[in-house]
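Everything below concerns the one structure shown next.
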There are 2 protein chains.
Amino acid sequence: MTQGVIDGRRARGDESRRIVLAEAIDIASIEGLDGLSIGRLAEAAGQSKSGVATLFGSKESLQLATVAAARARFTSTVIESARAATPRGLSRVVALVAAWLDYSRGRVFTGGCFFAAASVEFDSKPGPVRDAVTDALDTWETYLAISLGYARPEVPGLGDPAQLAFEITALLDAANTRSLLRDTDEPYARAAAAVRDRLRALGADDAVLTPLDERATP
Amino acid sequence: MTQGVIDGRRARGDESRRIVLAEAIDIASIEGLDGLSIGRLAEAAGQSKSGVATLFGSKESLQLATVAAARARFTSTVIESARAATPRGLSRVVALVAAWLDYSRGRVFTGGCFFAAASVEFDSKPGPVRDAVTDALDTWETYLAISLGYARPEVPGLGDPAQLAFEITALLDAANTRSLLRDTDEPYARAAAAVRDRLRALGADDAVLTPLDERATP
DNA sequence: TCGATATACGTACGATCGTTCGTATTGTCT
DNA sequence: AGACAATACGAACGATCGTACGTATATCGA
């Protein structure tokens, strides 16, 4: 998880980093990766400020480690759980969208989707942090597009999977932000309905879309 | 524009505020409304730090004035220009979407759409600033929904205008962020194509959709 | 066993933050 | 004309920022 930050670690340090990063991703999902300060993070993790600084070397390294930790949590929460529960094809696409909606609505990160926040914060700030965030988003969107490709036999009207993946992630991100802004679950229902209707219009079988039906009318 | 910040101002102070806010909205679109510091803003505007502080009273008041200034620029750039150029109906909806895409791609704010950045930055930070940002977004999304309602005769398949407005703004915001992240115009073409195809599927006339066609294949 | 390495801490550095105070200047209202 | 309010500035406040240094402790490899 923190591999590559400095190099081979002792077990004690890895455990400390794990504890600190668990706090860091929640703070950063609210305050942003720049708003995440070493002093405040140390206080939240019950360690000294200089101790946290030593563990990560620099603020940028801390930010990169935080992105990596958030990525691991996202991958296991959304991607791996959907992949484990469904075979390739439309059902997995539906499971991915449903898992993402649950991940955001369930506030797996206190401040909503970590990457929705980080990508907007760093989209105009070139550097290693932006690259790491972009890479994580690319991986997610590409995985969704590939999963859509596998679903092609069940979605006869499917054109470019990358185009549809763009549209779906756009709807998911919008649901996340609007839900946080207005403190309501309604945007999740709108996003679920939009994805469901879109897939249905492309010829998908209604029965496979039921997980989205449930989330479209909560 | 800065009305309500403190109260009745002299002409000289209003001019100073105007100059400072012109810098503030560009800085905030990159660094965020929290990353916008009074000292740096004063330097960019060629004034003293204490002078800027006096003009706005507090950082939060400065943030609120910055939101108001950005809102005015957005309204004149997107809403008023589309409203002036088109009558009620589908053509105005198309003009609004096209104007928004041009507004984002043309970097009317240096760091891309100001409100896309501010809404994500403050979606987990309750307070007057979040309320001001939410109010601006509500106004925009409501105006788009109402405009869609006027277009109903030309879009026979139209269901809930608010639902379609949610989907369209989701696509626009996604195009903005992804374009900034990857430094490419491709996301604008994806968003334009998505809106065009969506309206076409609902029965809109192809001829009215040509402004989106142009932006879908740049 | 012994040197090397990685934690952790306290402390301190210069820089910048938002804010306040005093003061001079300018403009407006009675 | 005179009282008042709004600019604009320099200076300074305490607080916090990221970082660096010294030091003690614990762990690992040679």
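By order of appearance in the structure tokens: chains A, B, ..., then residues from 1 within every chain, and ligands from 1 in the order shown.
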
Restrict the calculation to only C-alpha atoms (C1' of nucleotides), then for each residue of chain A with any atom at most 10 Å from an atom of chain D give the closest atom pair and their distance in Å to one decimal, rows by chain and rising residue number, as a Markdown table.
```
| residue | atom | partner | partner_atom | distance |
| --- | --- | --- | --- | --- |
| A:Arg10 | CA | D:DT27 | C1' | 7.8 |
| A:Ala11 | CA | D:DT27 | C1' | 9.6 |
| A:Arg12 | CA | D:DT27 | C1' | 9.4 |
| A:Ser37 | CA | D:DC17 | C1' | 7.7 |
| A:Ile38 | CA | D:DG18 | C1' | 8.1 |
| A:Gly39 | CA | D:DC17 | C1' | 8.5 |
| A:Arg40 | CA | D:DT16 | C1' | 9.9 |
| A:Ser50 | CA | D:DT19 | C1' | 9.4 |
| A:Ala53 | CA | D:DT19 | C1' | 8.5 |
| A:Gly57 | CA | D:DT19 | C1' | 9.3 |
| A:Ser58 | CA | D:DG18 | C1' | 7.9 |
| A:Lys59 | CA | D:DG18 | C1' | 7.3 |
```

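For chain A, the residues having at least one atom no farther than 7 Å from chain B, when counting only C-alpha atoms, are Ile30, Gly111, Ala117, Val120, Glu121, Asp123, Ser124, Thr134, Gln163, Glu167, Ala170, Leu171, Ala174, Thr177, Leu180, Leu181 and Arg190 of chain A.
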
Mind running chain C against chain A at 12 Å and telling me each contacting residue's nearest atom pair with the distance in Å (one decimal), counting only C-alpha atoms (C1' of nucleotides), chain and number ascending, as a Markdown table?
```
| residue | atom | partner | partner_atom | distance |
| --- | --- | --- | --- | --- |
| C:DT5 | C1' | A:Arg10 | CA | 9.8 |
| C:DA6 | C1' | A:Arg10 | CA | 7.1 |
| C:DT7 | C1' | A:Gly13 | CA | 6.5 |
| C:DA8 | C1' | A:Gly51 | CA | 5.3 |
| C:DC9 | C1' | A:Gly51 | CA | 6.8 |
| C:DG10 | C1' | A:Ser50 | CA | 8.6 |
| C:DT11 | C1' | A:Ser50 | CA | 9.9 |
| C:DA12 | C1' | A:Ser50 | CA | 11.7 |
```

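Picture a line from CA of Gly149 (chain B) to CA of Asp102 (chain B); it runs 23.3 Å.
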
>> Excluding Ala85 (chain A) and its own-chain neighbours fewer than 5 positions away, which residues fall within 9 Å of it when counting only C-alpha atoms (C1' of nucleotides)? Please give them as a ChimeraX atom specification.
In response: /A:80,92,95

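Reported to one decimal place, the separation of CA of Thr210 (chain B) from CA of Ala192 (chain A) is 29.2 Å.
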
> CA of Asp138 (chain A) to CA of Thr75 (chain A): how many Å, to one decimal?
Replying inline: 12.7 Å

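Nearest to Leu209 (chain A) of all the residues A:Val108, A:Val93, A:Val78, A:Ala165 is A:Val93, counting only C-alpha atoms.
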
>> Residues within 12 Å of Ala82 (chain A), please, as a ChimeraX atom specification. Count only C-alpha atoms (C1' of nucleotides); anything in the same chain fewer than 4 positions from it doesn't count.
In response: /A:74-78,86-100,102-103,143-144,147

>> Going by DSSP on the backbone, which residues of region 44-156 of chain B come out as helix (DSSP H, G or I)? List them as a PyMOL selection string.
In response: chain B and resi 44-45+49-56+59-85+90-105+114-122+128-150+152-154

Go ahead and dump the residues you just picked, C-alpha atoms, as an mmCIF file, in the first residue's frame.
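Result file part04.cif:
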```
data_model
loop_
_atom_site.group_PDB
_atom_site.id
_atom_site.type_symbol
_atom_site.label_atom_id
_atom_site.label_comp_id
_atom_site.auth_asym_id
_atom_site.auth_seq_id
_atom_site.Cartn_x
_atom_site.Cartn_y
_atom_site.Cartn_z
ATOM 1 C CA ALA B 44 -1.587 39.893 -7.749
ATOM 2 C CA ALA B 45 -3.820 42.966 -7.631
ATOM 3 C CA LYS B 49 -2.380 43.076 2.128
ATOM 4 C CA SER B 50 -4.074 45.218 4.763
ATOM 5 C CA GLY B 51 -5.848 47.201 2.048
ATOM 6 C CA VAL B 52 -7.456 44.082 0.617
ATOM 7 C CA ALA B 53 -8.325 42.894 4.108
ATOM 8 C CA THR B 54 -10.067 46.209 4.843
ATOM 9 C CA LEU B 55 -12.033 46.101 1.594
ATOM 10 C CA PHE B 56 -13.675 42.788 2.409
ATOM 11 C CA LYS B 59 -11.768 35.965 4.484
ATOM 12 C CA GLU B 60 -15.255 34.525 4.411
ATOM 13 C CA SER B 61 -16.648 37.810 3.104
ATOM 14 C CA LEU B 62 -13.960 37.779 0.438
ATOM 15 C CA GLN B 63 -14.969 34.249 -0.522
ATOM 16 C CA LEU B 64 -18.620 35.249 -0.726
ATOM 17 C CA ALA B 65 -17.770 38.279 -2.864
ATOM 18 C CA THR B 66 -15.653 36.052 -5.100
ATOM 19 C CA VAL B 67 -18.548 33.636 -5.561
ATOM 20 C CA ALA B 68 -20.833 36.560 -6.432
ATOM 21 C CA ALA B 69 -18.338 37.901 -8.975
ATOM 22 C CA ALA B 70 -17.875 34.477 -10.551
ATOM 23 C CA ARG B 71 -21.624 34.031 -10.693
ATOM 24 C CA ALA B 72 -22.023 37.300 -12.561
ATOM 25 C CA ARG B 73 -19.377 36.301 -15.087
ATOM 26 C CA PHE B 74 -20.944 32.866 -15.580
ATOM 27 C CA THR B 75 -24.427 34.284 -15.998
ATOM 28 C CA SER B 76 -23.415 36.800 -18.645
ATOM 29 C CA THR B 77 -21.132 34.374 -20.470
ATOM 30 C CA VAL B 78 -23.457 31.380 -20.641
ATOM 31 C CA ILE B 79 -27.027 32.170 -19.703
ATOM 32 C CA GLU B 80 -27.555 35.684 -21.003
ATOM 33 C CA SER B 81 -25.728 35.155 -24.283
ATOM 34 C CA ALA B 82 -27.750 32.022 -25.038
ATOM 35 C CA ARG B 83 -30.969 33.695 -24.018
ATOM 36 C CA ALA B 84 -30.255 36.717 -26.186
ATOM 37 C CA ALA B 85 -29.429 34.622 -29.249
ATOM 38 C CA LEU B 90 -35.119 23.420 -28.118
ATOM 39 C CA SER B 91 -32.818 25.860 -29.884
ATOM 40 C CA ARG B 92 -32.204 27.678 -26.601
ATOM 41 C CA VAL B 93 -31.430 24.423 -24.808
ATOM 42 C CA VAL B 94 -28.916 23.568 -27.513
ATOM 43 C CA ALA B 95 -27.461 27.075 -27.305
ATOM 44 C CA LEU B 96 -27.107 26.777 -23.523
ATOM 45 C CA VAL B 97 -25.223 23.490 -23.759
ATOM 46 C CA ALA B 98 -23.034 24.804 -26.573
ATOM 47 C CA ALA B 99 -22.326 28.024 -24.656
ATOM 48 C CA TRP B 100 -21.386 26.065 -21.545
ATOM 49 C CA LEU B 101 -18.981 23.873 -23.491
ATOM 50 C CA ASP B 102 -17.392 26.945 -25.069
ATOM 51 C CA TYR B 103 -17.249 28.665 -21.687
ATOM 52 C CA SER B 104 -15.369 25.766 -20.137
ATOM 53 C CA ARG B 105 -13.133 24.992 -23.093
ATOM 54 C CA PHE B 114 -15.305 28.063 -11.166
ATOM 55 C CA PHE B 115 -18.415 26.408 -9.773
ATOM 56 C CA ALA B 116 -17.372 22.893 -10.668
ATOM 57 C CA ALA B 117 -14.287 23.509 -8.522
ATOM 58 C CA ALA B 118 -16.014 25.402 -5.722
ATOM 59 C CA SER B 119 -18.909 22.972 -5.378
ATOM 60 C CA VAL B 120 -16.626 19.977 -4.944
ATOM 61 C CA GLU B 121 -14.353 21.910 -2.583
ATOM 62 C CA PHE B 122 -17.222 22.937 -0.313
ATOM 63 C CA PRO B 128 -22.410 30.482 4.054
ATOM 64 C CA VAL B 129 -19.918 29.813 1.268
ATOM 65 C CA ARG B 130 -21.351 26.402 0.502
ATOM 66 C CA ASP B 131 -24.834 27.898 0.557
ATOM 67 C CA ALA B 132 -23.820 30.589 -1.932
ATOM 68 C CA VAL B 133 -22.250 28.034 -4.261
ATOM 69 C CA THR B 134 -25.249 25.729 -3.986
ATOM 70 C CA ASP B 135 -27.600 28.589 -4.715
ATOM 71 C CA ALA B 136 -25.714 29.518 -7.894
ATOM 72 C CA LEU B 137 -25.724 25.909 -9.079
ATOM 73 C CA ASP B 138 -29.415 25.538 -8.279
ATOM 74 C CA THR B 139 -30.190 28.624 -10.322
ATOM 75 C CA TRP B 140 -28.274 27.304 -13.315
ATOM 76 C CA GLU B 141 -29.707 23.804 -13.153
ATOM 77 C CA THR B 142 -33.237 25.115 -12.601
ATOM 78 C CA TYR B 143 -32.912 27.490 -15.529
ATOM 79 C CA LEU B 144 -31.788 24.611 -17.723
ATOM 80 C CA ALA B 145 -34.698 22.464 -16.519
ATOM 81 C CA ILE B 146 -37.203 25.236 -17.214
ATOM 82 C CA SER B 147 -35.706 25.752 -20.643
ATOM 83 C CA LEU B 148 -36.110 22.029 -21.275
ATOM 84 C CA GLY B 149 -39.744 22.338 -20.239
ATOM 85 C CA TYR B 150 -40.301 25.005 -22.898
ATOM 86 C CA ARG B 152 -41.248 19.860 -24.655
ATOM 87 C CA PRO B 153 -43.272 20.335 -27.868
ATOM 88 C CA GLU B 154 -40.087 19.769 -29.873
#
```
